[in-house]
$ cat work15.pdb   # PDB, C-alpha atoms and all ligand atoms
MODEL        1
ATOM      1  CA  MET A   1       3.049   4.446  22.468  1.00  0.00           C
ATOM      2  CA  LYS A   2       2.483   2.230  19.412  1.00  0.00           C
ATOM      3  CA  LYS A   3       4.376   3.106  16.253  1.00  0.00           C
ATOM      4  CA  ILE A   4       3.056   2.637  12.727  1.00  0.00           C
ATOM      5  CA  ALA A   5       4.925   2.708   9.421  1.00  0.00           C
ATOM      6  CA  ILE A   6       2.824   3.156   6.291  1.00  0.00           C
ATOM      7  CA  LEU A   7       3.963   1.849   2.900  1.00  0.00           C
ATOM      8  CA  ALA A   8       2.161   3.221  -0.152  1.00  0.00           C
ATOM      9  CA  SER A   9       2.811   3.295  -3.891  1.00  0.00           C
ATOM     10  CA  GLY A  10       0.478   5.946  -5.233  1.00  0.00           C
ATOM     11  CA  SER A  11      -1.866   8.735  -4.286  1.00  0.00           C
ATOM     12  CA  GLY A  12      -1.926   7.899  -0.587  1.00  0.00           C
ATOM     13  CA  SER A  13      -5.434   9.057   0.262  1.00  0.00           C
ATOM     14  CA  ASN A  14      -5.724   6.150   2.710  1.00  0.00           C
ATOM     15  CA  ALA A  15      -2.364   7.055   4.238  1.00  0.00           C
ATOM     16  CA  GLU A  16      -3.558  10.632   4.783  1.00  0.00           C
ATOM     17  CA  ASN A  17      -6.855   9.434   6.252  1.00  0.00           C
ATOM     18  CA  ILE A  18      -4.989   7.149   8.696  1.00  0.00           C
ATOM     19  CA  VAL A  19      -2.692  10.010   9.761  1.00  0.00           C
ATOM     20  CA  ASN A  20      -5.704  12.276  10.380  1.00  0.00           C
ATOM     21  CA  TYR A  21      -7.553   9.566  12.297  1.00  0.00           C
ATOM     22  CA  PHE A  22      -4.694   9.037  14.766  1.00  0.00           C
ATOM     23  CA  GLU A  23      -3.671  12.691  15.021  1.00  0.00           C
ATOM     24  CA  SER A  24      -5.462  13.255  18.311  1.00  0.00           C
ATOM     25  CA  ASN A  25      -4.485   9.858  19.758  1.00  0.00           C
ATOM     26  CA  SER A  26      -1.352  10.207  21.878  1.00  0.00           C
ATOM     27  CA  ASP A  27      -1.003   6.395  22.148  1.00  0.00           C
ATOM     28  CA  VAL A  28      -0.368   5.966  18.420  1.00  0.00           C
ATOM     29  CA  GLU A  29       2.236   7.596  16.200  1.00  0.00           C
ATOM     30  CA  ILE A  30       2.536   7.383  12.431  1.00  0.00           C
ATOM     31  CA  SER A  31       6.320   7.321  12.521  1.00  0.00           C
ATOM     32  CA  ILE A  32       7.129   7.178   8.814  1.00  0.00           C
ATOM     33  CA  ILE A  33       5.599   6.912   5.354  1.00  0.00           C
ATOM     34  CA  LEU A  34       7.618   4.957   2.820  1.00  0.00           C
ATOM     35  CA  SER A  35       7.077   4.628  -0.906  1.00  0.00           C
ATOM     36  CA  ASN A  36       8.597   2.505  -3.626  1.00  0.00           C
ATOM     37  CA  LYS A  37       8.002   5.409  -6.060  1.00  0.00           C
ATOM     38  CA  LYS A  38      10.029   8.532  -5.595  1.00  0.00           C
ATOM     39  CA  ASP A  39       7.418  10.700  -7.331  1.00  0.00           C
ATOM     40  CA  ALA A  40       4.361   9.147  -5.616  1.00  0.00           C
ATOM     41  CA  PHE A  41       1.828  11.732  -4.444  1.00  0.00           C
ATOM     42  CA  VAL A  42       1.788  10.055  -1.029  1.00  0.00           C
ATOM     43  CA  LEU A  43       5.221  11.601  -0.377  1.00  0.00           C
ATOM     44  CA  GLU A  44       3.771  15.085  -1.024  1.00  0.00           C
ATOM     45  CA  ARG A  45       1.003  14.300   1.418  1.00  0.00           C
ATOM     46  CA  ALA A  46       3.560  13.142   4.015  1.00  0.00           C
ATOM     47  CA  LYS A  47       5.423  16.441   3.721  1.00  0.00           C
ATOM     48  CA  LYS A  48       2.215  18.421   4.141  1.00  0.00           C
ATOM     49  CA  LEU A  49       1.259  16.293   7.152  1.00  0.00           C
ATOM     50  CA  ASN A  50       4.735  16.633   8.706  1.00  0.00           C
ATOM     51  CA  ILE A  51       5.324  12.894   8.743  1.00  0.00           C
ATOM     52  CA  PRO A  52       8.882  11.709   8.003  1.00  0.00           C
ATOM     53  CA  SER A  53       8.970  10.028   4.634  1.00  0.00           C
ATOM     54  CA  GLN A  54      11.350   8.392   2.240  1.00  0.00           C
ATOM     55  CA  SER A  55      11.341   6.441  -1.013  1.00  0.00           C
ATOM     56  CA  PHE A  56      13.188   3.225  -1.643  1.00  0.00           C
ATOM     57  CA  THR A  57      14.299   1.166  -4.611  1.00  0.00           C
ATOM     58  CA  ARG A  58      13.650  -2.422  -5.612  1.00  0.00           C
ATOM     59  CA  LYS A  59      17.221  -3.180  -4.554  1.00  0.00           C
ATOM     60  CA  ASP A  60      16.680  -1.622  -1.096  1.00  0.00           C
ATOM     61  CA  PHE A  61      13.574  -3.741  -0.651  1.00  0.00           C
ATOM     62  CA  TYR A  62      14.499  -7.104  -2.149  1.00  0.00           C
ATOM     63  CA  GLU A  63      18.278  -7.350  -2.235  1.00  0.00           C
ATOM     64  CA  THR A  64      19.295  -5.642   1.003  1.00  0.00           C
ATOM     65  CA  ASP A  65      17.885  -5.260   4.515  1.00  0.00           C
ATOM     66  CA  THR A  66      17.766  -1.452   4.252  1.00  0.00           C
ATOM     67  CA  ILE A  67      14.035  -1.141   4.860  1.00  0.00           C
ATOM     68  CA  VAL A  68      13.703  -3.956   7.402  1.00  0.00           C
ATOM     69  CA  ASP A  69      16.633  -2.547   9.378  1.00  0.00           C
ATOM     70  CA  LEU A  70      15.132   0.946   9.293  1.00  0.00           C
ATOM     71  CA  LEU A  71      11.750  -0.304  10.568  1.00  0.00           C
ATOM     72  CA  VAL A  72      13.348  -2.436  13.290  1.00  0.00           C
ATOM     73  CA  GLU A  73      15.618   0.412  14.363  1.00  0.00           C
ATOM     74  CA  MET A  74      12.585   2.707  14.605  1.00  0.00           C
ATOM     75  CA  GLN A  75      10.847   0.104  16.798  1.00  0.00           C
ATOM     76  CA  ILE A  76       7.820  -0.005  14.542  1.00  0.00           C
ATOM     77  CA  ASP A  77       4.934  -2.033  16.010  1.00  0.00           C
ATOM     78  CA  LEU A  78       2.765  -2.311  12.908  1.00  0.00           C
ATOM     79  CA  VAL A  79       3.475  -1.982   9.196  1.00  0.00           C
ATOM     80  CA  VAL A  80       0.425  -0.788   7.254  1.00  0.00           C
ATOM     81  CA  LEU A  81       0.248  -1.351   3.504  1.00  0.00           C
ATOM     82  CA  ALA A  82      -2.086   1.320   2.144  1.00  0.00           C
ATOM     83  CA  GLY A  83      -2.171   0.950  -1.634  1.00  0.00           C
ATOM     84  CA  PHE A  84       1.261  -0.662  -1.700  1.00  0.00           C
ATOM     85  CA  LEU A  85       1.802  -2.727  -4.820  1.00  0.00           C
ATOM     86  CA  TRP A  86       4.961  -4.770  -4.254  1.00  0.00           C
ATOM     87  CA  LEU A  87       4.996  -8.209  -2.686  1.00  0.00           C
ATOM     88  CA  ALA A  88       6.389  -8.147   0.864  1.00  0.00           C
ATOM     89  CA  PRO A  89       9.755  -9.946   0.986  1.00  0.00           C
ATOM     90  CA  HIS A  90      10.431 -12.862   3.342  1.00  0.00           C
ATOM     91  CA  SER A  91      12.799 -10.768   5.488  1.00  0.00           C
ATOM     92  CA  LEU A  92      10.066  -8.196   6.208  1.00  0.00           C
ATOM     93  CA  ILE A  93       7.480 -10.837   7.105  1.00  0.00           C
ATOM     94  CA  GLN A  94       9.986 -12.594   9.356  1.00  0.00           C
ATOM     95  CA  ALA A  95      10.895  -9.353  11.129  1.00  0.00           C
ATOM     96  CA  PHE A  96       7.203  -8.389  11.619  1.00  0.00           C
ATOM     97  CA  PRO A  97       5.222 -11.623  12.094  1.00  0.00           C
ATOM     98  CA  ASN A  98       1.467 -10.859  12.241  1.00  0.00           C
ATOM     99  CA  ARG A  99       2.430  -7.207  12.254  1.00  0.00           C
ATOM    100  CA  ILE A 100       1.838  -6.274   8.632  1.00  0.00           C
ATOM    101  CA  VAL A 101      -1.687  -5.405   7.490  1.00  0.00           C
ATOM    102  CA  ASN A 102      -2.919  -4.701   3.988  1.00  0.00           C
ATOM    103  CA  ILE A 103      -6.107  -3.329   2.519  1.00  0.00           C
ATOM    104  CA  HIS A 104      -7.505  -4.844  -0.654  1.00  0.00           C
ATOM    105  CA  PRO A 105     -10.343  -3.168  -2.597  1.00  0.00           C
ATOM    106  CA  ALA A 106     -12.435  -6.331  -3.108  1.00  0.00           C
ATOM    107  CA  LEU A 107     -13.902  -9.269  -1.249  1.00  0.00           C
ATOM    108  CA  LEU A 108     -10.957 -11.675  -1.104  1.00  0.00           C
ATOM    109  CA  PRO A 109     -10.358 -14.416  -2.101  1.00  0.00           C
ATOM    110  CA  ASN A 110     -12.185 -13.012  -5.134  1.00  0.00           C
ATOM    111  CA  TYR A 111     -10.361 -10.490  -7.306  1.00  0.00           C
ATOM    112  CA  GLY A 112      -7.020 -10.877  -5.551  1.00  0.00           C
ATOM    113  CA  GLY A 113      -3.546 -11.953  -6.618  1.00  0.00           C
ATOM    114  CA  LYS A 114      -0.804 -10.528  -8.793  1.00  0.00           C
ATOM    115  CA  GLY A 115      -1.936  -7.653 -11.027  1.00  0.00           C
ATOM    116  CA  MET A 116      -5.159  -7.194  -9.057  1.00  0.00           C
ATOM    117  CA  TYR A 117      -4.846  -3.699  -7.667  1.00  0.00           C
ATOM    118  CA  GLY A 118      -6.655  -0.381  -7.873  1.00  0.00           C
ATOM    119  CA  MET A 119      -8.755   0.117 -10.998  1.00  0.00           C
ATOM    120  CA  ASN A 120      -7.817  -3.330 -12.377  1.00  0.00           C
ATOM    121  CA  VAL A 121      -9.884  -4.806  -9.560  1.00  0.00           C
ATOM    122  CA  HIS A 122     -12.884  -2.519 -10.077  1.00  0.00           C
ATOM    123  CA  ASN A 123     -12.845  -3.010 -13.873  1.00  0.00           C
ATOM    124  CA  ALA A 124     -12.861  -6.794 -13.408  1.00  0.00           C
ATOM    125  CA  VAL A 125     -15.700  -6.646 -10.864  1.00  0.00           C
ATOM    126  CA  ILE A 126     -17.846  -4.437 -13.148  1.00  0.00           C
ATOM    127  CA  ASN A 127     -17.058  -6.494 -16.273  1.00  0.00           C
ATOM    128  CA  ASN A 128     -18.229  -9.622 -14.440  1.00  0.00           C
ATOM    129  CA  LYS A 129     -21.509  -7.872 -13.543  1.00  0.00           C
ATOM    130  CA  GLU A 130     -21.081  -8.575  -9.835  1.00  0.00           C
ATOM    131  CA  LYS A 131     -23.897  -7.366  -7.589  1.00  0.00           C
ATOM    132  CA  GLU A 132     -21.589  -6.531  -4.688  1.00  0.00           C
ATOM    133  CA  SER A 133     -17.989  -5.783  -3.867  1.00  0.00           C
ATOM    134  CA  GLY A 134     -16.214  -4.516  -0.757  1.00  0.00           C
ATOM    135  CA  ILE A 135     -12.946  -4.282   1.103  1.00  0.00           C
ATOM    136  CA  THR A 136     -10.747  -6.804   2.853  1.00  0.00           C
ATOM    137  CA  ILE A 137      -8.292  -5.870   5.583  1.00  0.00           C
ATOM    138  CA  HIS A 138      -5.910  -8.746   6.194  1.00  0.00           C
ATOM    139  CA  LEU A 139      -2.580  -9.826   7.591  1.00  0.00           C
ATOM    140  CA  VAL A 140       0.204 -10.136   5.064  1.00  0.00           C
ATOM    141  CA  ASN A 141       2.053 -13.330   4.222  1.00  0.00           C
ATOM    142  CA  GLU A 142       4.358 -14.185   1.350  1.00  0.00           C
ATOM    143  CA  LYS A 143       1.605 -14.523  -1.259  1.00  0.00           C
ATOM    144  CA  TYR A 144      -0.389 -11.661  -2.738  1.00  0.00           C
ATOM    145  CA  ASP A 145      -3.661 -11.010  -0.849  1.00  0.00           C
ATOM    146  CA  ASP A 146      -3.546 -14.278   1.066  1.00  0.00           C
ATOM    147  CA  GLY A 147      -3.137 -13.710   4.840  1.00  0.00           C
ATOM    148  CA  LYS A 148      -5.765 -14.016   7.585  1.00  0.00           C
ATOM    149  CA  THR A 149      -8.724 -11.661   7.203  1.00  0.00           C
ATOM    150  CA  ILE A 150      -9.191  -9.076   9.944  1.00  0.00           C
ATOM    151  CA  LEU A 151     -12.258  -7.351   8.514  1.00  0.00           C
ATOM    152  CA  GLN A 152     -14.443  -7.476   5.423  1.00  0.00           C
ATOM    153  CA  THR A 153     -17.295  -5.184   4.579  1.00  0.00           C
ATOM    154  CA  LYS A 154     -19.477  -4.980   1.487  1.00  0.00           C
ATOM    155  CA  CYS A 155     -21.162  -2.483  -0.793  1.00  0.00           C
ATOM    156  CA  GLN A 156     -23.896  -3.055  -3.347  1.00  0.00           C
ATOM    157  CA  ILE A 157     -23.280  -2.400  -7.030  1.00  0.00           C
ATOM    158  CA  ASN A 158     -26.092  -0.785  -9.010  1.00  0.00           C
ATOM    159  CA  LYS A 159     -26.826  -1.856 -12.581  1.00  0.00           C
ATOM    160  CA  ASN A 160     -25.384   1.254 -14.208  1.00  0.00           C
ATOM    161  CA  ASP A 161     -22.387   1.767 -11.917  1.00  0.00           C
ATOM    162  CA  THR A 162     -19.055   2.285 -13.665  1.00  0.00           C
ATOM    163  CA  ALA A 163     -15.694   1.129 -12.345  1.00  0.00           C
ATOM    164  CA  GLU A 164     -15.101   4.742 -11.247  1.00  0.00           C
ATOM    165  CA  ASP A 165     -18.367   4.772  -9.263  1.00  0.00           C
ATOM    166  CA  LEU A 166     -17.316   1.559  -7.576  1.00  0.00           C
ATOM    167  CA  ALA A 167     -13.840   2.931  -6.821  1.00  0.00           C
ATOM    168  CA  ASN A 168     -15.481   5.907  -5.065  1.00  0.00           C
ATOM    169  CA  GLU A 169     -17.726   3.656  -2.982  1.00  0.00           C
ATOM    170  CA  ILE A 170     -14.768   1.455  -2.053  1.00  0.00           C
ATOM    171  CA  HIS A 171     -12.687   4.452  -1.030  1.00  0.00           C
ATOM    172  CA  LYS A 172     -15.517   5.582   1.277  1.00  0.00           C
ATOM    173  CA  LEU A 173     -15.530   2.158   2.942  1.00  0.00           C
ATOM    174  CA  GLU A 174     -11.738   2.244   3.227  1.00  0.00           C
ATOM    175  CA  TYR A 175     -11.735   5.668   4.887  1.00  0.00           C
ATOM    176  CA  GLU A 176     -14.391   4.579   7.358  1.00  0.00           C
ATOM    177  CA  TYR A 177     -13.096   1.128   8.289  1.00  0.00           C
ATOM    178  CA  PHE A 178      -9.318   0.951   7.745  1.00  0.00           C
ATOM    179  CA  PRO A 179      -8.208   3.288  10.580  1.00  0.00           C
ATOM    180  CA  ARG A 180     -10.682   1.678  12.969  1.00  0.00           C
ATOM    181  CA  ALA A 181      -9.483  -1.814  12.074  1.00  0.00           C
ATOM    182  CA  ILE A 182      -5.876  -0.686  12.619  1.00  0.00           C
ATOM    183  CA  ALA A 183      -6.769   0.808  16.016  1.00  0.00           C
ATOM    184  CA  SER A 184      -8.524  -2.338  17.159  1.00  0.00           C
ATOM    185  CA  TYR A 185      -5.737  -4.607  15.866  1.00  0.00           C
ATOM    186  CA  LEU A 186      -3.126  -2.461  17.639  1.00  0.00           C
ATOM    187  CA  ASN A 187      -5.021  -2.981  20.884  1.00  0.00           C
ATOM    188  CA  GLN A 188      -4.566  -6.739  20.535  1.00  0.00           C
ATOM    189  CA  LEU A 189      -0.802  -6.554  20.036  1.00  0.00           C
TER     190      LEU A 189
HETATM  191  C1  LIG B 201      -6.906   1.557  -2.399  1.00  0.00           C
HETATM  192  O1  LIG B 201      -8.195   1.438  -2.939  1.00  0.00           O
HETATM  193  C2  LIG B 201      -6.397   0.209  -1.933  1.00  0.00           C
HETATM  194  O2  LIG B 201      -7.393  -0.635  -1.461  1.00  0.00           O
HETATM  195  C3  LIG B 201      -5.784  -0.334  -3.193  1.00  0.00           C
HETATM  196  O3  LIG B 201      -5.151   0.769  -3.792  1.00  0.00           O
HETATM  197  C4  LIG B 201      -5.915   1.958  -3.492  1.00  0.00           C
HETATM  198  C5  LIG B 201      -4.952   3.022  -3.043  1.00  0.00           C
HETATM  199  O4  LIG B 201      -5.581   4.260  -2.944  1.00  0.00           O
HETATM  200  N1  LIG B 201      -4.866  -1.411  -2.912  1.00  0.00           N
HETATM  201  C6  LIG B 201      -4.678  -2.434  -3.721  1.00  0.00           C
HETATM  202  O5  LIG B 201      -5.243  -2.540  -4.784  1.00  0.00           O
HETATM  203  C7  LIG B 201      -3.693  -3.470  -3.206  1.00  0.00           C
HETATM  204  N2  LIG B 201      -3.801  -4.687  -3.970  1.00  0.00           N
HETATM  205  P1  LIG B 201      -4.884   5.467  -2.195  1.00  0.00           P
HETATM  206  O6  LIG B 201      -3.445   5.561  -2.724  1.00  0.00           O
HETATM  207  O7  LIG B 201      -5.670   6.668  -2.551  1.00  0.00           O
HETATM  208  O8  LIG B 201      -4.897   5.171  -0.726  1.00  0.00           O
ENDMDL
END

$ encode --input "work15.pdb" --output "C-alpha cells"
Amino acid sequence: MKKIAILASGSGSNAENIVNYFESNSDVEISIILSNKKDAFVLERAKKLNIPSQSFTRKDFYETDTIVDLLVEMQIDLVVLAGFLWLAPHSLIQAFPNRIVNIHPALLPNYGGKGMYGMNVHNAVINNKEKESGITIHLVNEKYDDGKTILQTKCQINKNDTAEDLANEIHKLEYEYFPRAIASYLNQL
C-alpha cells in the first residue's frame, strides 16, 4: 500500500479529482489532506470525501518540524502539491527526497517562479498573446517551479480566449493527467 499526502491552498478541485481517481485502487491511499489556510475549500472537500484533514500555520511549516514529523510518522510515500502556494522548506525536501510532486498550470520554465500561480499565470499567458500553454508536473526542490519535469502536455490558445477560458482548459488537462502521472510515478518508487 502506497500512501499519499496532498497539500493544497485553495479550492482543491485537483485534490478531489485525485481522491476519486484512486478510490477504487486498494494499492494507494490518500492518507491526509493538509492546507495552509484554515478556511480553504479543500478542507470542506476532504470532509465530504472522508479523508483526514488538517490546517497548519506558517510557524508549523517553517519554524518547527510539526508537518514533516506528521508525514514521516504516517509513513507517507509521496507528497502531492495540488494548488499549494508556499515554498517547500528544506526539512520537507530532505525528509522526502524525490518524493514531492507539484503541478504547475503552464509550460515551465515559462511562467513559473514566485507569484506565478493560478490566474496570475493565465493572465500573463493571455496578455503575452501566447499561442499555447499547458501543464507541468514536476519534482519539487527548494526553488519555486524548478525540479525535474515528470510530464508536460499542451493546449492551444484561440485568438479570443480569455484567461478564464484558458484556466478551464488547463483544469481539464490537470484532471486528466495529474492522477495518471502520480500513479505511474508511484510505480517507480
Ligand atoms: C491548479 O490549476 C494548479 O495547477 C495551480 O493552482 C490551481 C489549483 O486549483 N497551481 C499553481 O499555480 C502552483 N504554482 P484547484 O485548487 O482547483 O486544484

$ closest_atom_pairs --input "work15.pdb" --of "segment 131-180 of chain A" --to "segment 13-27 of chain A" --cutoff "12 Å" --atoms "only C-alpha atoms" --output "CSV"
residue,atom,partner,partner_atom,distance
A:Asn168,CA,A:Ser13,CA,11.8
A:Ile170,CA,A:Asn14,CA,11.2
A:His171,CA,A:Asn14,CA,8.1
A:Lys172,CA,A:Asn14,CA,9.9
A:Leu173,CA,A:Asn14,CA,10.6
A:Glu174,CA,A:Asn14,CA,7.2
A:Tyr175,CA,A:Asn17,CA,6.3
A:Glu176,CA,A:Asn17,CA,9.0
A:Tyr177,CA,A:Ile18,CA,10.1
A:Phe178,CA,A:Ile18,CA,7.6
A:Pro179,CA,A:Ile18,CA,5.4
A:Arg180,CA,A:Tyr21,CA,8.5

$ atom_distance --input "work15.pdb" --atom1 "atom O2 of ligand LIG 201 (chain B)" --atom2 "atom CA of Asp165 of chain A"
14.5 Å

$ resolve_selection --input "work15.pdb" --expression "the PyMOL selection byres (((chain A and resi 67-76) around 10) and not hetatm)" --output "PDB file with C-alpha atoms, in the frame of the given file"
ATOM      1  CA  LYS A   2       2.483   2.230  19.412  1.00  0.00           C
ATOM      2  CA  LYS A   3       4.376   3.106  16.253  1.00  0.00           C
ATOM      3  CA  ILE A   4       3.056   2.637  12.727  1.00  0.00           C
ATOM      4  CA  ALA A   5       4.925   2.708   9.421  1.00  0.00           C
ATOM      5  CA  GLU A  29       2.236   7.596  16.200  1.00  0.00           C
ATOM      6  CA  ILE A  30       2.536   7.383  12.431  1.00  0.00           C
ATOM      7  CA  SER A  31       6.320   7.321  12.521  1.00  0.00           C
ATOM      8  CA  ILE A  32       7.129   7.178   8.814  1.00  0.00           C
ATOM      9  CA  LEU A  34       7.618   4.957   2.820  1.00  0.00           C
ATOM     10  CA  SER A  55      11.341   6.441  -1.013  1.00  0.00           C
ATOM     11  CA  PHE A  56      13.188   3.225  -1.643  1.00  0.00           C
ATOM     12  CA  THR A  57      14.299   1.166  -4.611  1.00  0.00           C
ATOM     13  CA  ASP A  60      16.680  -1.622  -1.096  1.00  0.00           C
ATOM     14  CA  PHE A  61      13.574  -3.741  -0.651  1.00  0.00           C
ATOM     15  CA  TYR A  62      14.499  -7.104  -2.149  1.00  0.00           C
ATOM     16  CA  THR A  64      19.295  -5.642   1.003  1.00  0.00           C
ATOM     17  CA  ASP A  65      17.885  -5.260   4.515  1.00  0.00           C
ATOM     18  CA  THR A  66      17.766  -1.452   4.252  1.00  0.00           C
ATOM     19  CA  ASP A  77       4.934  -2.033  16.010  1.00  0.00           C
ATOM     20  CA  LEU A  78       2.765  -2.311  12.908  1.00  0.00           C
ATOM     21  CA  VAL A  79       3.475  -1.982   9.196  1.00  0.00           C
ATOM     22  CA  PRO A  89       9.755  -9.946   0.986  1.00  0.00           C
ATOM     23  CA  SER A  91      12.799 -10.768   5.488  1.00  0.00           C
ATOM     24  CA  LEU A  92      10.066  -8.196   6.208  1.00  0.00           C
ATOM     25  CA  ILE A  93       7.480 -10.837   7.105  1.00  0.00           C
ATOM     26  CA  GLN A  94       9.986 -12.594   9.356  1.00  0.00           C
ATOM     27  CA  ALA A  95      10.895  -9.353  11.129  1.00  0.00           C
ATOM     28  CA  PHE A  96       7.203  -8.389  11.619  1.00  0.00           C
ATOM     29  CA  ARG A  99       2.430  -7.207  12.254  1.00  0.00           C
TER      30      ARG A  99
END

$ residues_near_ligand --input "work15.pdb" --ligand "ligand LIG 201 (chain B)" --cutoff "6 Å" --atoms "only C-alpha atoms and all ligand atoms" --output "VMD selection string"
chain A and resid 10 to 15 82 to 85 103 to 105 116 to 118 171

$ resolve_selection --input "work15.pdb" --expression "the PyMOL selection byres (((chain A and resi 107) around 8) and not hetatm)" --output "list in words"
His104, Pro105, Ala106, Leu108, Pro109, Asn110, Tyr111, Ser133, Gly134, Ile135, Thr136, Gln152, Thr153 and Lys154 of chain A

$ atom_distance --input "work15.pdb" --atom1 "atom CA of Lys159 of chain A" --atom2 "atom CA of Lys114 of chain A"
27.7 Å

$ residues_around --input "work15.pdb" --residues "Leu43 of chain A" --least-positions-apart "2" --cutoff "10 Å" --atoms "only C-alpha atoms" --output "JSON, numbers by chain"
{"A": [8, 9, 10, 11, 12, 15, 33, 34, 35, 37, 38, 39, 40, 41, 45, 46, 47, 48, 49, 51, 52, 53, 54, 55]}

$ closest_residue --input "work15.pdb" --among "A:Asn50, A:Asn120, A:Asn158, A:Asn102" --to "Asp146 of chain A" --atoms "all atoms listed in the file"
A:Asn102

$ atom_distance --input "work15.pdb" --atom1 "atom CA of Val101 of chain A" --atom2 "atom CA of Asn36 of chain A"
17.1 Å

$ closest_residue --input "work15.pdb" --among "A:Glu63, A:Glu142, A:Glu132, A:Glu44" --to "Gln156 of chain A" --atoms "all atoms listed in the file"
A:Glu132

$ residues_around --input "work15.pdb" --residues "Thr162 of chain A" --least-positions-apart "5" --cutoff "9 Å" --atoms "only C-alpha atoms" --output "compact mmCIF listing (two decimals) with C-alpha atoms, keeping the file's coordinate frame"
# COMPACT_ATOMS: atom_id res chain seq x y z
CA HIS A 122 -12.88 -2.52 -10.08
CA ASN A 123 -12.84 -3.01 -13.87
CA ILE A 126 -17.85 -4.44 -13.15
CA ALA A 167 -13.84 2.93 -6.82

$ build_atoms --input "work15.pdb" --residues "segment 35-52 of chain A" --atoms "N, CA and C atoms" --output "short mmCIF file (atom, residue, chain, number, x, y, z; two decimals), keeping the file's coordinate frame"
data_model
loop_
_atom_site.label_atom_id
_atom_site.label_comp_id
_atom_site.auth_asym_id
_atom_site.auth_seq_id
_atom_site.Cartn_x
_atom_site.Cartn_y
_atom_site.Cartn_z
N SER A 35 7.63 4.95 0.41
CA SER A 35 7.08 4.63 -0.91
C SER A 35 8.14 4.02 -1.81
N ASN A 36 7.70 3.10 -2.63
CA ASN A 36 8.60 2.50 -3.63
C ASN A 36 8.67 3.37 -4.88
N LYS A 37 7.94 4.50 -4.90
CA LYS A 37 8.00 5.41 -6.06
C LYS A 37 8.43 6.77 -5.58
N LYS A 38 9.52 7.27 -6.14
CA LYS A 38 10.03 8.53 -5.60
C LYS A 38 9.15 9.73 -5.95
N ASP A 39 8.31 9.59 -6.98
CA ASP A 39 7.42 10.70 -7.33
C ASP A 39 5.95 10.42 -6.94
N ALA A 40 5.74 9.46 -6.03
CA ALA A 40 4.36 9.15 -5.62
C ALA A 40 3.76 10.33 -4.84
N PHE A 41 2.49 10.59 -5.09
CA PHE A 41 1.83 11.73 -4.44
C PHE A 41 1.77 11.55 -2.92
N VAL A 42 1.82 10.30 -2.48
CA VAL A 42 1.79 10.06 -1.03
C VAL A 42 2.95 10.75 -0.32
N LEU A 43 4.07 10.93 -1.01
CA LEU A 43 5.22 11.60 -0.38
C LEU A 43 4.96 13.10 -0.22
N GLU A 44 4.21 13.68 -1.17
CA GLU A 44 3.77 15.08 -1.02
C GLU A 44 2.85 15.22 0.19
N ARG A 45 1.93 14.26 0.28
CA ARG A 45 1.00 14.30 1.42
C ARG A 45 1.78 14.20 2.73
N ALA A 46 2.78 13.32 2.78
CA ALA A 46 3.56 13.14 4.01
C ALA A 46 4.21 14.46 4.42
N LYS A 47 4.77 15.15 3.44
CA LYS A 47 5.42 16.44 3.72
C LYS A 47 4.42 17.41 4.34
N LYS A 48 3.27 17.51 3.68
CA LYS A 48 2.22 18.42 4.14
C LYS A 48 1.75 18.06 5.56
N LEU A 49 1.74 16.76 5.84
CA LEU A 49 1.26 16.29 7.15
C LEU A 49 2.37 16.27 8.21
N ASN A 50 3.58 16.65 7.79
CA ASN A 50 4.74 16.63 8.71
C ASN A 50 5.08 15.25 9.23
N ILE A 51 4.94 14.25 8.37
CA ILE A 51 5.32 12.89 8.74
C ILE A 51 6.64 12.59 8.01
N PRO A 52 7.65 12.08 8.70
CA PRO A 52 8.88 11.71 8.00
C PRO A 52 8.57 10.74 6.86
#
